[in-house]
Amino acid sequence: MIEIKKLQFDNKVEIEKCFRIRKEVFVLEQECDPKDEYEYEEESTHFLLTDNKIPVATARYRKTQFGIKMERFAVLANKRGKGYGLIILKHMINELKDINSVKYLHAQVQVVEFYEKVGFKKIGDKFDEVGIMHYKMILD
């Protein structure tokens with residue numbers, strides 16, 4: 001059974017599960033510097049997707065001067081292709097639907113089409129963020 005939990009930073013046990021997924025995906029797999037990976041944690045709203053109580057995906061959002069930034073979407077490598085990323089993304093979009101603010105993200109170039117499927121549009125040129133090429137995308 002798939003479950004999505006909404007978390008704040010003070011829920012240390014569940015947040016640690018999110019951090020383990022992000023460490024595996026961003027720090028180990030994509031070789032991001034941990035100091036770049038773990039920032040704005042306390043001000044973010046985090047989500048943890050479990051399947052049969054096993055943590056498989058995470059994401060978060062936070063308020064910025066530009067609107068609501070959705071970020072840190074991560075699905076464990078051996079769980080990709082099963083729809084978990086889309087499930088957590090749609091859950092977050094639904095959660096934010098009544099907030100009258102721009103919803104945006106910085107998408108790694110290889111996943112731009114994934115975000116376009118749910119209504120995100122590329123804005124501007126490609127840019128480097130932590131050594132990985134991204135596009136800014138806004139939810140239309």
# chains A, B, ... in the order shown; residues from 1 in each chain; ligands from 1
$ residues_around --residues "Phe114 (chain A)" --least-positions-apart "4" --cutoff "12 Å" --atoms "only C-alpha atoms" --output "list in words"
Phe73, Gly81, Gly83, Gly85, Leu86, Ile87, Leu89, Lys90, Ala107, Gln108, Val109, Gln110, Val118, Gly119, Phe120, Lys121, Lys122 and Met137 of chain A
$ write_last_selection --atoms "C-alpha atoms" --output "CSV table (one decimal), in the first residue's frame"
chain,number,residue,atom,x,y,z
A,73,PHE,CA,12.4,15.0,-5.8
A,81,GLY,CA,9.9,3.4,-13.4
A,83,GLY,CA,5.3,5.7,-11.0
A,85,GLY,CA,7.8,10.1,-8.7
A,86,LEU,CA,4.5,11.0,-10.5
A,87,ILE,CA,2.5,10.0,-7.4
A,89,LEU,CA,4.5,15.1,-7.6
A,90,LYS,CA,0.7,15.0,-8.2
A,107,ALA,CA,14.5,20.4,-13.2
A,108,GLN,CA,17.5,18.5,-14.1
A,109,VAL,CA,17.6,18.4,-17.9
A,110,GLN,CA,17.0,14.6,-18.1
A,118,VAL,CA,1.9,17.5,-15.4
A,119,GLY,CA,1.9,21.1,-16.7
A,120,PHE,CA,5.3,22.6,-15.9
A,121,LYS,CA,6.8,24.8,-18.6
A,122,LYS,CA,10.4,25.7,-19.2
A,137,MET,CA,10.1,25.4,-14.8
$ residues_around --residues "Glu129 (chain A)" --least-positions-apart "6" --cutoff "12 Å" --atoms "only C-alpha atoms" --output "JSON list (two decimals) with N, CA, C and O atoms, in the first residue's frame"
[["chain", "number", "residue", "atom", "x", "y", "z"],
["A", 32, "CYS", "N", 26.57, 14.95, -5.59],
["A", 32, "CYS", "CA", 26.39, 16.32, -5.09],
["A", 32, "CYS", "C", 27.07, 16.45, -3.74],
["A", 32, "CYS", "O", 27.09, 15.51, -2.95],
["A", 33, "ASP", "N", 27.59, 17.61, -3.47],
["A", 33, "ASP", "CA", 28.23, 17.88, -2.19],
["A", 33, "ASP", "C", 27.15, 17.93, -1.11],
["A", 33, "ASP", "O", 26.15, 18.64, -1.27],
["A", 36, "ASP", "N", 25.61, 21.23, -0.16],
["A", 36, "ASP", "CA", 24.63, 21.80, -1.08],
["A", 36, "ASP", "C", 23.28, 21.08, -0.98],
["A", 36, "ASP", "O", 22.24, 21.66, -1.27],
["A", 37, "GLU", "N", 23.33, 19.84, -0.60],
["A", 37, "GLU", "CA", 22.11, 19.03, -0.55],
["A", 37, "GLU", "C", 21.23, 19.36, 0.64],
["A", 37, "GLU", "O", 20.03, 19.38, 0.55],
["A", 106, "HIS", "N", 13.38, 23.67, -10.21],
["A", 106, "HIS", "CA", 14.57, 23.59, -11.06],
["A", 106, "HIS", "C", 14.73, 22.13, -11.44],
["A", 106, "HIS", "O", 15.09, 21.30, -10.60],
["A", 107, "ALA", "N", 14.45, 21.82, -12.70],
["A", 107, "ALA", "CA", 14.46, 20.43, -13.17],
["A", 107, "ALA", "C", 15.79, 20.09, -13.83],
["A", 107, "ALA", "O", 16.26, 20.82, -14.70],
["A", 108, "GLN", "N", 16.35, 18.96, -13.42],
["A", 108, "GLN", "CA", 17.52, 18.46, -14.13],
["A", 108, "GLN", "C", 17.09, 18.17, -15.57],
["A", 108, "GLN", "O", 15.97, 17.72, -15.81],
["A", 109, "VAL", "N", 17.97, 18.45, -16.53],
["A", 109, "VAL", "CA", 17.59, 18.37, -17.94],
["A", 109, "VAL", "C", 17.00, 17.01, -18.33],
["A", 109, "VAL", "O", 16.10, 16.94, -19.15],
["A", 135, "TYR", "N", 16.76, 23.37, -15.87],
["A", 135, "TYR", "CA", 15.89, 24.41, -16.39],
["A", 135, "TYR", "C", 14.96, 24.84, -15.27],
["A", 135, "TYR", "O", 14.50, 24.00, -14.49],
["A", 136, "LYS", "N", 14.69, 26.14, -15.21],
["A", 136, "LYS", "CA", 13.63, 26.59, -14.31],
["A", 136, "LYS", "C", 12.32, 26.25, -15.01],
["A", 136, "LYS", "O", 12.16, 26.44, -16.22]]
$ closest_residue --among "A:Phe19, A:Ala74, A:Lys82, A:Ile99" --to "Val111 (chain A)" --atoms "only C-alpha atoms"
A:Ala74
$ select_by_dssp --residues "region 33-133 of chain A" --states "strand (DSSP E or B)" --output "PyMOL selection string"
chain A and resi 45-51+54-64+67-75+103-108+120-129+132-133
$ residues_around --residues "region 48-65 of chain A" --least-positions-apart "4" --cutoff "7 Å" --atoms "only C-alpha atoms" --output "VMD selection string"
chain A and resid 1 to 6 17 to 18 21 43 to 44 69 to 76 79 84 to 85 88
$ select_by_dssp --residues "chain A" --states "alpha helix (DSSP H)" --output "PyMOL selection string"
chain A and resi 12-22+34-37+84-96+112-116
$ write_last_selection --atoms "C-alpha atoms" --output "mmCIF file, in the first residue's frame"
data_model
loop_
_atom_site.group_PDB
_atom_site.id
_atom_site.type_symbol
_atom_site.label_atom_id
_atom_site.label_comp_id
_atom_site.auth_asym_id
_atom_site.auth_seq_id
_atom_site.Cartn_x
_atom_site.Cartn_y
_atom_site.Cartn_z
ATOM 1 C CA LYS A 12 13.371 13.525 13.190
ATOM 2 C CA VAL A 13 12.576 9.823 12.662
ATOM 3 C CA GLU A 14 10.645 10.355 9.423
ATOM 4 C CA ILE A 15 12.885 13.186 8.165
ATOM 5 C CA GLU A 16 15.864 10.861 8.511
ATOM 6 C CA LYS A 17 14.142 8.474 6.067
ATOM 7 C CA CYS A 18 13.835 11.333 3.569
ATOM 8 C CA PHE A 19 17.484 12.237 4.090
ATOM 9 C CA ARG A 20 18.601 8.629 3.500
ATOM 10 C CA ILE A 21 16.806 8.608 0.132
ATOM 11 C CA ARG A 22 18.289 11.979 -0.811
ATOM 12 C CA PRO A 34 26.304 17.215 1.046
ATOM 13 C CA LYS A 35 26.657 20.890 2.027
ATOM 14 C CA ASP A 36 24.629 21.804 -1.083
ATOM 15 C CA GLU A 37 22.109 19.026 -0.552
ATOM 16 C CA TYR A 84 6.363 6.816 -7.488
ATOM 17 C CA GLY A 85 7.774 10.127 -8.724
ATOM 18 C CA LEU A 86 4.534 11.010 -10.466
ATOM 19 C CA ILE A 87 2.479 10.023 -7.419
ATOM 20 C CA ILE A 88 4.434 12.276 -5.055
ATOM 21 C CA LEU A 89 4.525 15.136 -7.588
ATOM 22 C CA LYS A 90 0.747 15.043 -8.160
ATOM 23 C CA HIS A 91 0.181 14.827 -4.405
ATOM 24 C CA MET A 92 2.227 17.990 -3.873
ATOM 25 C CA ILE A 93 0.517 19.837 -6.715
ATOM 26 C CA ASN A 94 -2.853 18.951 -5.211
ATOM 27 C CA GLU A 95 -1.664 20.072 -1.771
ATOM 28 C CA LEU A 96 -0.650 23.462 -3.207
ATOM 29 C CA VAL A 112 12.182 17.983 -18.001
ATOM 30 C CA GLU A 113 9.670 15.852 -19.967
ATOM 31 C CA PHE A 114 8.514 14.212 -16.724
ATOM 32 C CA TYR A 115 7.526 17.616 -15.312
ATOM 33 C CA GLU A 116 6.023 18.785 -18.623
#
$ closest_residue --among "A:Glu29, A:Glu24, A:Asp125, A:Asp10" --to "Glu42 (chain A)" --atoms "only C-alpha atoms"
A:Asp10
$ closest_residue --among "A:Tyr40, A:Thr45, A:Ile68, A:Asn78" --to "Val25 (chain A)" --atoms "only C-alpha atoms"
A:Asn78
$ closest_residue --among "A:Ile123, A:Ile132, A:Ala77, A:Ile138" --to "Lys103 (chain A)" --atoms "only C-alpha atoms"
A:Ile138
$ atom_distance --atom1 "CA of Glu39 (chain A)" --atom2 "CA of Val102 (chain A)"
21.3 Å
